[in-house]
$ cat target19.txt   # compact mmCIF, C-alpha atoms and all ligand atoms
# COMPACT_ATOMS: atom_id res chain seq x y z
CA MET M 22 113.89 101.23 32.76
CA ALA M 23 113.35 104.24 30.58
CA GLY M 24 115.65 104.66 27.57
CA PHE M 25 118.27 107.36 27.13
CA HIS M 26 116.09 109.49 24.86
CA VAL M 27 113.19 109.48 27.30
CA HIS M 28 115.56 110.55 30.09
CA ILE M 29 116.96 113.38 27.95
CA TYR M 30 113.53 114.67 26.86
CA VAL M 31 112.02 114.57 30.35
CA ALA M 32 115.11 116.02 32.08
CA ALA M 33 115.41 118.78 29.46
CA SER M 34 111.71 119.72 29.78
CA ILE M 35 111.62 119.75 33.57
CA SER M 36 114.96 121.55 34.02
CA GLY M 37 114.00 124.04 31.31
CA ILE M 38 110.72 124.84 33.09
CA ALA M 39 112.44 125.02 36.50
CA GLY M 40 115.31 127.18 35.18
CA THR M 41 112.89 129.57 33.45
CA SER M 42 110.77 129.81 36.63
CA VAL M 43 113.82 130.78 38.71
CA HIS M 44 114.73 133.39 36.07
CA ILE M 45 111.20 134.83 35.96
CA ALA M 46 111.19 135.09 39.77
CA GLY M 47 114.32 137.24 39.45
CA TYR M 48 116.69 134.73 41.03
CA ALA M 49 118.75 133.86 37.93
CA SER M 50 120.36 135.86 35.15
CA PRO M 51 119.88 134.41 31.64
CA GLY M 52 123.38 132.89 31.96
CA GLN M 53 122.55 131.30 35.31
CA MET M 54 119.24 130.03 33.91
CA VAL M 55 121.13 128.14 31.19
CA LEU M 56 123.72 126.86 33.71
CA PHE M 57 121.05 125.59 36.15
CA SER M 58 119.03 123.94 33.38
CA ALA M 59 122.17 122.26 32.01
CA ALA M 60 122.92 121.02 35.55
CA GLY M 61 119.43 119.47 35.68
CA LEU M 62 119.96 117.81 32.31
CA LEU M 63 123.30 116.39 33.49
CA GLY M 64 121.61 115.08 36.65
CA GLY M 65 119.02 113.38 34.46
CA ILE M 66 121.62 111.15 32.82
CA LEU M 67 124.11 110.64 35.71
CA PRO M 68 122.43 107.62 37.41
CA ASP M 69 122.95 105.51 34.26
CA ILE M 70 126.66 106.34 34.01
CA ASP M 71 127.65 102.75 34.77
CA ALA M 72 124.83 101.08 32.87
CA ASP M 73 124.28 102.87 29.57
CA HIS M 74 126.90 102.01 26.93
CA SER M 75 125.01 103.44 23.97
CA THR M 76 126.68 105.84 21.54
CA SER M 77 124.18 108.57 22.46
CA TYR M 78 125.11 108.26 26.11
CA ARG M 79 128.83 108.54 25.35
CA VAL M 80 128.23 111.56 23.10
CA ALA M 81 126.24 113.29 25.85
CA PHE M 82 128.94 112.46 28.39
CA ALA M 83 131.65 113.85 26.07
CA LEU M 84 129.60 117.04 25.58
CA PHE M 85 129.25 117.60 29.33
CA SER M 86 132.98 116.81 29.83
CA PHE M 87 133.88 119.60 27.41
CA LEU M 88 131.41 122.05 28.99
CA ILE M 89 132.59 121.31 32.53
CA ALA M 90 136.20 121.69 31.34
CA PHE M 91 135.32 125.27 30.32
CA LEU M 92 134.05 125.97 33.84
CA VAL M 93 137.28 124.59 35.34
CA MET M 94 139.29 126.67 32.88
CA PHE M 95 137.47 129.88 33.86
CA GLY M 96 137.80 128.97 37.54
CA VAL M 97 141.48 128.06 37.80
CA ALA M 98 143.19 129.59 34.77
CA ARG M 99 142.24 133.21 35.43
CA GLY M 100 144.98 135.48 34.08
CA ALA M 101 146.73 132.58 32.35
CA SER M 102 147.96 132.71 28.76
CA LEU M 103 145.81 131.27 25.99
CA VAL M 104 148.05 128.20 25.70
CA GLU M 105 147.92 127.54 29.46
CA ALA M 106 144.15 127.97 29.54
CA LEU M 107 143.69 125.61 26.58
CA LEU M 108 145.98 123.04 28.20
CA VAL M 109 143.84 123.11 31.36
CA TRP M 110 140.67 122.84 29.29
CA GLY M 111 141.96 119.91 27.20
CA ALA M 112 143.40 118.04 30.18
CA VAL M 113 140.18 118.33 32.22
CA ALA M 114 137.95 117.38 29.28
CA LEU M 115 140.04 114.30 28.46
CA PHE M 116 140.28 113.34 32.15
CA LEU M 117 136.49 113.48 32.60
CA ARG M 118 135.59 111.79 29.35
CA TYR M 119 138.15 108.98 29.44
CA ILE M 120 139.72 108.45 32.87
CA LEU M 121 136.74 109.28 35.11
CA TYR M 122 134.28 107.51 32.80
CA TYR M 123 136.53 104.43 32.67
CA LEU M 124 137.00 104.39 36.46
CA VAL M 125 133.25 104.68 37.11
CA MET M 126 132.52 101.89 34.63
CA ARG M 127 135.21 99.70 36.16
CA LEU M 128 134.52 100.29 39.84
CA THR M 129 130.72 100.20 39.89
CA ALA M 130 128.10 97.55 39.26
CA HIS M 131 125.34 98.10 36.70
CA ARG M 132 122.40 99.81 38.37
CA GLY M 133 124.25 99.50 41.65
CA ILE M 134 124.60 102.19 44.27
CA LEU M 135 124.98 105.03 41.72
CA HIS M 136 121.35 104.34 40.77
CA SER M 137 119.95 105.19 44.21
CA ILE M 138 118.50 108.03 46.30
CA PRO M 139 121.70 108.67 48.35
CA ALA M 140 123.68 108.80 45.08
CA CYS M 141 121.39 111.65 43.91
CA GLY M 142 122.46 113.51 47.06
CA VAL M 143 126.13 112.78 46.35
CA PHE M 144 125.77 114.03 42.75
CA GLY M 145 124.04 117.20 43.99
CA LEU M 146 126.39 117.96 46.90
CA GLY M 147 129.36 117.05 44.67
CA ALA M 148 128.15 119.69 42.21
CA VAL M 149 127.81 122.27 45.03
CA ALA M 150 131.36 121.52 46.24
CA LEU M 151 132.84 121.60 42.72
CA MET M 152 131.10 124.82 41.74
CA HIS M 153 131.96 126.61 44.98
CA ILE M 154 135.44 125.35 45.77
CA LEU M 155 136.92 124.73 42.33
CA PHE M 156 135.01 127.14 40.11
CA ALA M 157 134.66 129.95 42.69
CA VAL M 158 130.88 130.22 42.08
CA ASP M 159 129.07 131.98 44.98
CA ALA M 160 127.23 129.83 47.55
CA TYR M 161 123.80 130.56 46.02
CA GLY M 162 124.83 129.65 42.45
CA ALA M 163 126.63 126.53 43.66
CA TRP M 164 123.63 125.36 45.72
CA MET M 165 121.25 125.97 42.82
CA CYS M 166 123.47 123.89 40.49
CA GLY M 167 123.51 121.13 43.12
CA ILE M 168 119.73 121.22 43.58
CA PHE M 169 119.22 120.99 39.81
CA VAL M 170 121.70 118.08 39.50
CA ALA M 171 120.10 116.19 42.42
CA GLY M 172 116.59 117.00 41.15
CA GLY M 173 117.45 115.77 37.65
CA ALA M 174 118.85 112.54 39.08
CA MET M 175 115.72 112.00 41.22
CA VAL M 176 113.51 112.54 38.16
CA HIS M 177 115.62 109.89 36.42
CA LEU M 178 114.99 107.34 39.21
CA LEU M 179 111.26 108.15 39.30
CA LEU M 180 111.03 107.72 35.54
CA ASP M 181 112.74 104.31 35.68
CA GLU M 182 110.36 103.29 38.46
CA LEU M 183 107.33 104.47 36.44
CA TYR M 184 108.57 102.45 33.47
CA SER M 185 108.74 99.33 35.61
CA ILE M 186 105.01 99.64 36.38
CA ASN M 187 103.67 98.19 33.21
CA LEU M 188 100.08 99.41 33.38
CA PHE M 189 98.88 97.94 30.12
CA ALA M 190 100.34 94.46 30.18
CA PRO M 191 98.82 91.51 32.01
CA GLY M 192 101.00 90.68 34.97
CA GLY M 193 101.47 94.39 35.57
CA VAL M 194 104.57 95.22 37.50
CA LYS M 195 107.93 94.25 36.03
CA ARG M 196 110.62 92.54 38.03
CA SER M 197 112.74 95.70 38.04
CA PHE M 198 110.08 97.49 40.16
CA GLY M 199 111.66 98.91 43.29
CA SER M 200 115.19 98.65 41.94
CA ALA M 201 115.43 102.29 40.87
CA LEU M 202 114.26 104.26 43.92
CA LYS M 203 116.41 102.49 46.46
CA LEU M 204 118.26 103.62 49.59
CA PHE M 205 120.98 100.94 49.54
CA SER M 206 122.36 98.20 47.30
CA SER M 207 123.25 94.60 48.07
CA ASN M 208 126.90 95.69 48.08
CA LEU M 209 127.52 96.78 51.68
CA PRO M 210 130.92 98.53 51.21
CA ALA M 211 129.49 100.51 48.25
CA THR M 212 126.44 101.50 50.32
CA ALA M 213 128.63 102.55 53.28
CA GLY M 214 130.89 104.46 50.86
CA ILE M 215 128.05 106.46 49.33
CA TYR M 216 126.70 107.50 52.77
CA LEU M 217 130.22 108.41 53.91
CA ALA M 218 130.65 110.53 50.75
CA LEU M 219 127.30 112.18 51.56
CA VAL M 220 128.50 113.16 55.07
CA ILE M 221 131.93 114.37 53.88
CA LEU M 222 130.35 116.48 51.13
CA TRP M 223 127.70 117.88 53.50
CA VAL M 224 130.35 119.27 55.85
CA SER M 225 132.44 120.61 52.93
CA VAL M 226 129.77 122.67 51.17
CA PRO M 227 128.77 126.21 52.19
CA ASP M 228 125.92 126.51 54.69
CA TYR M 229 122.55 125.89 53.06
CA GLY M 230 120.64 128.44 55.17
CA GLU M 231 122.96 131.32 54.37
CA ALA M 232 123.20 130.61 50.65
CA PHE M 233 119.63 131.63 49.79
CA PRO M 234 118.20 135.14 49.99
CA ALA M 235 115.43 135.69 52.59
CA GLY M 236 111.97 134.64 51.41
CA PHE M 237 113.43 132.75 48.45
CA GLY M 238 110.89 129.90 48.39
CA GLU M 239 107.81 132.10 48.83
CA THR M 240 108.91 134.68 46.26
CA LEU M 241 109.71 131.92 43.79
CA LEU M 242 106.32 130.23 44.19
CA ARG M 243 104.45 133.54 44.03
CA ALA M 244 106.30 134.63 40.86
CA VAL M 245 105.60 131.27 39.20
CA ALA M 246 101.91 131.39 40.18
CA GLN M 247 101.54 134.96 38.91
CA THR M 248 103.30 134.39 35.61
CA ALA M 249 102.20 130.84 34.83
CA LEU M 250 99.42 132.02 32.52
CA PRO M 251 99.56 134.99 30.13
ZN ZN H 1 118.29 104.51 34.96
$ encode --input "target19.txt" --output "structure tokens" --more "lines below"
Ligand SMILES: [Zn+2]
Amino acid sequence: MAGFHVHIYVAASISGIAGTSVHIAGYASPGQMVLFSAAGLLGGILPDIDADHSTSYRVAFALFSFLIAFLVMFGVARGASLVEALLVWGAVALFLRYILYYLVMRLTAHRGILHSIPACGVFGLGAVALMHILFAVDAYGAWMCGIFVAGGAMVHLLLDELYSINLFAPGGVKRSFGSALKLFSSNLPATAGIYLALVILWVSVPDYGEAFPAGFGETLLRAVAQTALP
């Protein structure tokens, strides 16, 4: 599998290009462009949450915990005093970094179901639900964050799979081939749980069709094609 730094570089490059393209097409303010790109970067490291114990991984996770805590603070502590807002921010950041991280590490197997295609969907739809329901982001912004998170996570799985095809070594394909881009794990309850989460999230998020402005895809592609070269 690809190392943490490779995941960060690739996820940052691809989400940066995608975020900038959406901005150039007129579908994201500079602030949204940064938010969407950060969502893609987060997606790029999420599948290894139960497997990567390196210091760099924990630092990145802490950084995202603090950033997400700001979003929660802006979403729920509107009109609150400075002390109240800071209490919300600190509590959420510590919860994400320590309690959630610990629970995920404890309850999941290394490279288990969180390192799979349905998990990418759960990460993405989870982001849509969080952004829309908790942070009061509009349906379009929430869906874009979700697409970037899910896209980043899919890029992560593809990268791990590419790394398991050892093109230059005799013997070729490593044993880990096929273990990254999977639809289920050997753990049946975990597999059932992830698909159940997928269904629950799908019915909780705002309607996909109504979230995007008319002609979104075409306009986006046309703008990218027209502005790709100087
Ligand atoms: Zn991985």
$ residues_around --input "target19.txt" --residues "Phe85 (chain M)" --least-positions-apart "3" --cutoff "10 Å" --atoms "only C-alpha atoms" --output "list in words"
Ala59, Ala60, Leu62, Leu63, Arg79, Val80, Ala81, Phe82, Leu88, Ile89, Ala90, Phe91, Ala114, Leu117 and Arg118 of chain M
$ closest_residue --input "target19.txt" --among "M:Ile66, M:Leu121, M:Val31, M:Val93" --to "ligand ZN 1 (chain H)" --atoms "only C-alpha atoms and all ligand atoms"
M:Ile66
$ residues_around --input "target19.txt" --residues "Gly172 (chain M)" --least-positions-apart "6" --cutoff "12 Å" --atoms "all atoms listed in the file" --output "ChimeraX atom specification"
/M:31-33,35-36,39-40,57-68,138,140-146,148,164-166,178-179
$ residues_around --input "target19.txt" --residues "Ala211 (chain M)" --least-positions-apart "3" --cutoff "12 Å" --atoms "all atoms listed in the file" --output "MDAnalysis selection string"
chainID M and resid 128:130 133:137 139:140 204:208 214:218
$ write_last_selection --input "target19.txt" --atoms "C-alpha atoms" --output "compact mmCIF listing (two decimals), keeping the file's coordinate frame"
# COMPACT_ATOMS: atom_id res chain seq x y z
CA LEU M 128 134.52 100.29 39.84
CA THR M 129 130.72 100.20 39.89
CA ALA M 130 128.10 97.55 39.26
CA GLY M 133 124.25 99.50 41.65
CA ILE M 134 124.60 102.19 44.27
CA LEU M 135 124.98 105.03 41.72
CA HIS M 136 121.35 104.34 40.77
CA SER M 137 119.95 105.19 44.21
CA PRO M 139 121.70 108.67 48.35
CA ALA M 140 123.68 108.80 45.08
CA LEU M 204 118.26 103.62 49.59
CA PHE M 205 120.98 100.94 49.54
CA SER M 206 122.36 98.20 47.30
CA SER M 207 123.25 94.60 48.07
CA ASN M 208 126.90 95.69 48.08
CA GLY M 214 130.89 104.46 50.86
CA ILE M 215 128.05 106.46 49.33
CA TYR M 216 126.70 107.50 52.77
CA LEU M 217 130.22 108.41 53.91
CA ALA M 218 130.65 110.53 50.75
$ residues_near_ligand --input "target19.txt" --ligand "ligand ZN 1 (chain H)" --cutoff "10 Å" --atoms "all atoms listed in the file" --output "VMD selection string"
chain M and resid 22 to 25 28 65 to 73 131 to 132 135 to 137 174 176 to 182 200 to 202
$ closest_residue --input "target19.txt" --among "M:Ala246, M:Ala150, M:Ala98, M:Ala163" --to "Trp223 (chain M)" --atoms "only C-alpha atoms"
M:Ala150
$ residues_around --input "target19.txt" --residues "Ala244 (chain M)" --least-positions-apart "6" --cutoff "8 Å" --atoms "only C-alpha atoms" --output "list in words"
Ser42, Ile45 and Ala46 of chain M
$ atom_distance --input "target19.txt" --atom1 "CA of Glu231 (chain M)" --atom2 "CA of Thr248 (chain M)"
27.3 Å
$ closest_residue --input "target19.txt" --among "M:Leu108, M:Gly147, M:Gly167, M:Val97" --to "Leu219 (chain M)" --atoms "all atoms listed in the file"
M:Gly147
$ closest_residue --input "target19.txt" --among "M:Ile120, M:Ala235, M:Val170, M:Ala157" --to "Phe95 (chain M)" --atoms "only C-alpha atoms"
M:Ala157
$ closest_residue --input "target19.txt" --among "M:Val125, M:Leu103, M:Ile38, M:Ala213" --to "Ala249 (chain M)" --atoms "all atoms listed in the file"
M:Ile38
$ closest_residue --input "target19.txt" --among "M:Tyr161, M:Phe169, M:Phe87, M:Tyr78" --to "Gly37 (chain M)" --atoms "all atoms listed in the file"
M:Phe169
